[in-house]
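Student: Got a structure here, written out as structure tokens. Questions coming.
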Amino acid sequence: MRMSKLSLLLILVMALSSCQNNKKTVNVSDEVKTDSSENLVGLVYKIDTFASVIEWEGAEGLAVINTTHNGTMELSNGELQVKDNELIGGKFNINLPSLKVLDIPAEKAGNAKLKRHLLSDDFFDVEKFKYAGFEITSIGKFGNDSLKISGNLTLKGVSKNIDIMAKVTVSENEIQAETNKFYFNRKDWGMSYGTEKSLGDEMIRPEVGIKIKLLAKK
């Protein structure tokens with residue numbers, strides 16, 4: 001039986017979509033770990049939510065021909081803990097409805113359309129989950145000027161422990177922290193368009209890029 005052109009096209013789409021971007025995602029553990037700084041006495045610095053930001057990146061389309069989107073999200077609250085001039089812990093919440101799309105002009109219909117889709121139950125589902133959160137569980141040295149930070153990332157009510165790299169500067173009155181851009185697989189947190197194996201979901205890259213910039217003050 002000869003295959004139709006449509007069938008061949010669908011096979012090609014699925015084959016190309018399965019060749020995902022080889023961006024390395026963070027190590028993910030299903031174990032929700034305990035914050036190791038709970039019993040440590042340290043100074044608390046409050047995160048300046050106006051000066052801190054979460055930058056996001058995502059892509060849609062075929063693995064070899066895709067459109068990358070990017071934007072920001074605001075923090076609603078948070079704190080970092082310091083002892084002996086070193087970061088020992090911290091946590092913050094992300095205000096998901098604050099999500100902005102930056103790669104499409106604000107006046108274009110596609111901007112509002114993409115934002116609605118990202119905030120829908122296909123992805124962040126903000127009607128049920130207004131906030132995402134991150135809480136540090138352990139911190140270790142990484143190289144000469146970076147830290148390896150492990151923490152519980154919570155999205156859509158699902159918490160998983162991840163490892164990220166960051167540069168942190170502690171002074172008497174403030175802390176500046178910035179992560180490298182890291183990628184997580186949205187499907188690990190139940191973020192799927194339709195069903196996980198649907199054609200629509202296959203046309204959206206599973207990797208979500210995140211970069212965190214924090215400023216915290218005494």
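The chains in the structure tokens are called A, B, ... from first to last as shown; in each chain the residues are counted from 1, and the ligands are counted from 1 in the order shown.
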Excluding Leu96 of chain A and its own-chain neighbours fewer than 5 positions away, which residues fall within 9 Å of it when counting only C-alpha atoms? Please give them as a list of chain:residue names.
Tutor: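 Neighbouring residues, sequence-local ones excluded: A:Met73, A:Glu74, A:Leu75, A:Leu119, A:Phe124, A:Val126, A:Phe129, A:Lys130, A:Tyr131, A:Ala132.
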Student: The selected residues should be written to file as an mmCIF file, in the first residue's frame (atoms: all heavy atoms).
Tutor:
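Result written to selection_13.cif:
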data_model
loop_
_atom_site.group_PDB
_atom_site.id
_atom_site.type_symbol
_atom_site.label_atom_id
_atom_site.label_comp_id
_atom_site.auth_asym_id
_atom_site.auth_seq_id
_atom_site.Cartn_x
_atom_site.Cartn_y
_atom_site.Cartn_z
ATOM 1 N N MET A 73 9.787 36.903 34.499
ATOM 2 C CA MET A 73 8.784 36.752 35.559
ATOM 3 C C MET A 73 9.313 37.445 36.802
ATOM 4 O O MET A 73 10.526 37.514 37.029
ATOM 5 C CB MET A 73 8.511 35.276 35.843
ATOM 6 C CG MET A 73 7.781 34.558 34.729
ATOM 7 S SD MET A 73 7.401 32.819 35.129
ATOM 8 C CE MET A 73 9.036 32.081 34.903
ATOM 9 N N GLU A 74 8.396 37.945 37.615
ATOM 10 C CA GLU A 74 8.771 38.664 38.830
ATOM 11 C C GLU A 74 8.709 37.748 40.048
ATOM 12 O O GLU A 74 7.979 36.747 40.058
ATOM 13 C CB GLU A 74 7.832 39.854 39.043
ATOM 14 C CG GLU A 74 7.867 40.882 37.924
ATOM 15 C CD GLU A 74 6.799 41.938 38.078
ATOM 16 O OE1 GLU A 74 6.034 41.888 39.082
ATOM 17 O OE2 GLU A 74 6.699 42.820 37.195
ATOM 18 N N LEU A 75 9.477 38.110 41.078
ATOM 19 C CA LEU A 75 9.400 37.407 42.355
ATOM 20 C C LEU A 75 8.372 38.099 43.242
ATOM 21 O O LEU A 75 8.222 39.327 43.188
ATOM 22 C CB LEU A 75 10.761 37.391 43.051
ATOM 23 C CG LEU A 75 11.727 36.277 42.618
ATOM 24 C CD1 LEU A 75 12.190 36.463 41.190
ATOM 25 C CD2 LEU A 75 12.920 36.211 43.558
ATOM 26 N N LEU A 119 0.135 30.530 30.487
ATOM 27 C CA LEU A 119 -0.502 30.585 31.808
ATOM 28 C C LEU A 119 -1.691 29.642 31.928
ATOM 29 O O LEU A 119 -2.247 29.473 33.017
ATOM 30 C CB LEU A 119 -0.952 32.018 32.114
ATOM 31 C CG LEU A 119 0.165 33.068 32.197
ATOM 32 C CD1 LEU A 119 -0.420 34.426 32.578
ATOM 33 C CD2 LEU A 119 1.243 32.658 33.190
ATOM 34 N N PHE A 124 1.568 26.457 32.955
ATOM 35 C CA PHE A 124 1.686 26.838 34.370
ATOM 36 C C PHE A 124 0.384 26.725 35.154
ATOM 37 O O PHE A 124 0.409 26.622 36.384
ATOM 38 C CB PHE A 124 2.224 28.270 34.482
ATOM 39 C CG PHE A 124 3.675 28.400 34.101
ATOM 40 C CD1 PHE A 124 4.040 29.079 32.950
ATOM 41 C CD2 PHE A 124 4.665 27.838 34.879
ATOM 42 C CE1 PHE A 124 5.377 29.202 32.588
ATOM 43 C CE2 PHE A 124 6.010 27.951 34.533
ATOM 44 C CZ PHE A 124 6.361 28.633 33.384
ATOM 45 N N VAL A 126 -2.162 28.877 36.046
ATOM 46 C CA VAL A 126 -2.156 29.864 37.129
ATOM 47 C C VAL A 126 -3.492 29.983 37.859
ATOM 48 O O VAL A 126 -3.534 30.533 38.961
ATOM 49 C CB VAL A 126 -1.739 31.250 36.597
ATOM 50 C CG1 VAL A 126 -0.310 31.224 36.104
ATOM 51 C CG2 VAL A 126 -2.690 31.752 35.528
ATOM 52 N N PHE A 129 -2.470 27.391 40.371
ATOM 53 C CA PHE A 129 -1.137 27.546 40.965
ATOM 54 C C PHE A 129 -0.583 28.924 40.581
ATOM 55 O O PHE A 129 0.050 29.075 39.543
ATOM 56 C CB PHE A 129 -0.193 26.441 40.471
ATOM 57 C CG PHE A 129 -0.734 25.051 40.663
ATOM 58 C CD1 PHE A 129 -1.322 24.380 39.594
ATOM 59 C CD2 PHE A 129 -0.672 24.429 41.898
ATOM 60 C CE1 PHE A 129 -1.823 23.101 39.760
ATOM 61 C CE2 PHE A 129 -1.184 23.154 42.069
ATOM 62 C CZ PHE A 129 -1.761 22.485 41.001
ATOM 63 N N LYS A 130 -0.827 29.897 41.443
ATOM 64 C CA LYS A 130 -0.409 31.265 41.148
ATOM 65 C C LYS A 130 1.094 31.457 41.304
ATOM 66 O O LYS A 130 1.695 32.316 40.675
ATOM 67 C CB LYS A 130 -1.147 32.242 42.064
ATOM 68 C CG LYS A 130 -0.888 33.705 41.733
ATOM 69 C CD LYS A 130 -1.705 34.622 42.620
ATOM 70 C CE LYS A 130 -1.421 36.092 42.288
ATOM 71 N NZ LYS A 130 -2.202 37.009 43.155
ATOM 72 N N TYR A 131 1.706 30.617 42.158
ATOM 73 C CA TYR A 131 3.120 30.796 42.443
ATOM 74 C C TYR A 131 3.918 29.532 42.135
ATOM 75 O O TYR A 131 3.413 28.415 42.255
ATOM 76 C CB TYR A 131 3.336 31.155 43.924
ATOM 77 C CG TYR A 131 2.629 32.414 44.349
ATOM 78 C CD1 TYR A 131 1.426 32.359 45.037
ATOM 79 C CD2 TYR A 131 3.160 33.667 44.043
ATOM 80 C CE1 TYR A 131 0.767 33.517 45.422
ATOM 81 C CE2 TYR A 131 2.508 34.832 44.417
ATOM 82 C CZ TYR A 131 1.318 34.747 45.108
ATOM 83 O OH TYR A 131 0.660 35.885 45.470
ATOM 84 N N ALA A 132 5.156 29.726 41.741
ATOM 85 C CA ALA A 132 6.158 28.672 41.710
ATOM 86 C C ALA A 132 7.164 29.007 42.803
ATOM 87 O O ALA A 132 7.221 30.150 43.277
ATOM 88 C CB ALA A 132 6.852 28.613 40.346
#
Student: Which residues, written as a PyMOL selection string, have at least one atom at most 7 Å from segment 79-87 of chain A, with only C-alpha atoms counted and residues fewer than 4 positions away on the same chain left out?
Tutor: chain A and resi 42-47+91-92+170+216
Student: Run DSSP on the backbone of this structure and report the residues of segment 10-157 of chain A it assigns to strand (DSSP E or B), as a PyMOL selection string.
Tutor: chain A and resi 25+28-29+43-47+53-61+66-83+86-101+131-142+146-155
Student: For each of A:Asn111, A:Ser146, A:Thr154, A:Thr137, take the minimum atom-to-atom distance to Thr169 of chain A, counting only C-alpha atoms, then give the residue where this is smallest.
Tutor: A:Ser146
Student: Given only C-alpha atoms, how would the per-residue table for segment 133-200 of chain A near segment 205-210 of chain A read, listing every residue at most 6 Å away with its closest atom pair and distance in Å to one decimal, sorted by chain and number, as a tab-separated table?
Tutor:
residue	atom	partner	partner_atom	distance
A:Lys181	CA	A:Ile210	CA	5.5
A:Phe182	CA	A:Ile210	CA	5.4
A:Tyr183	CA	A:Gly209	CA	4.4
A:Phe184	CA	A:Val208	CA	5.5
A:Asn185	CA	A:Glu207	CA	4.7
A:Arg186	CA	A:Pro206	CA	5.6
Student: Provide the atom CA of Lys167 of chain A to atom CA of Asn144 of chain A distance in Å, to one decimal place.
Tutor: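 Atom-to-atom, atom CA of Lys167 of chain A and atom CA of Asn144 of chain A are spaced 10.1 Å apart.
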Student: Give the answer as one residue: which of A:Lys218, A:Lys187, A:Lys100, A:Lys148 has the shortest atom-to-atom distance to Ile175 of chain A, using only C-alpha atoms?
Tutor: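 For Ile175 of chain A, the nearest of the candidates is A:Lys218.
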Student: Pick from A:Thr68, A:Ser192, A:Asn180, A:Asn152: nearest to Ser138 of chain A, with only C-alpha atoms counted?
Tutor: A:Asn152
Student: List every residue of segment 45-195 of chain A that DSSP, applied to the backbone, labels as helix (DSSP H, G or I), and write the result as a ChimeraX atom specification.
Tutor: /A:109-119,186-189
Student: May I ask for the distance between atom CA of Ser98 of chain A and atom CA of Phe134 of chain A, given in Å to one decimal place?
Tutor: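 Atom CA of Ser98 of chain A sits 16.7 Å away from atom CA of Phe134 of chain A.
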Student: From the options A:Met165, A:Ile104, A:Leu114, A:Val53, which residue's atoms come nearest to Asn77 of chain A, counting only C-alpha atoms?
Tutor: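 Of A:Met165, A:Ile104, A:Leu114, A:Val53, the one nearest Asn77 of chain A, counting only C-alpha atoms, is A:Val53.
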Student: Restricting the calculation to only C-alpha atoms: of A:Asn93, A:Lys115, A:Phe50, A:Thr179, which residue gets closest to His69 of chain A?
Tutor: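 So, comparing all the options, the nearest one is A:Lys115.
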Student: Go through A:Lys217, A:Leu155, A:Thr67, A:Ser150 one by one, measure the shortest atom-to-atom distance of each to Thr49 of chain A using only C-alpha atoms, and give the residue with the smallest value.
Tutor: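 Of all the options, A:Lys217 lies closest to Thr49 of chain A.
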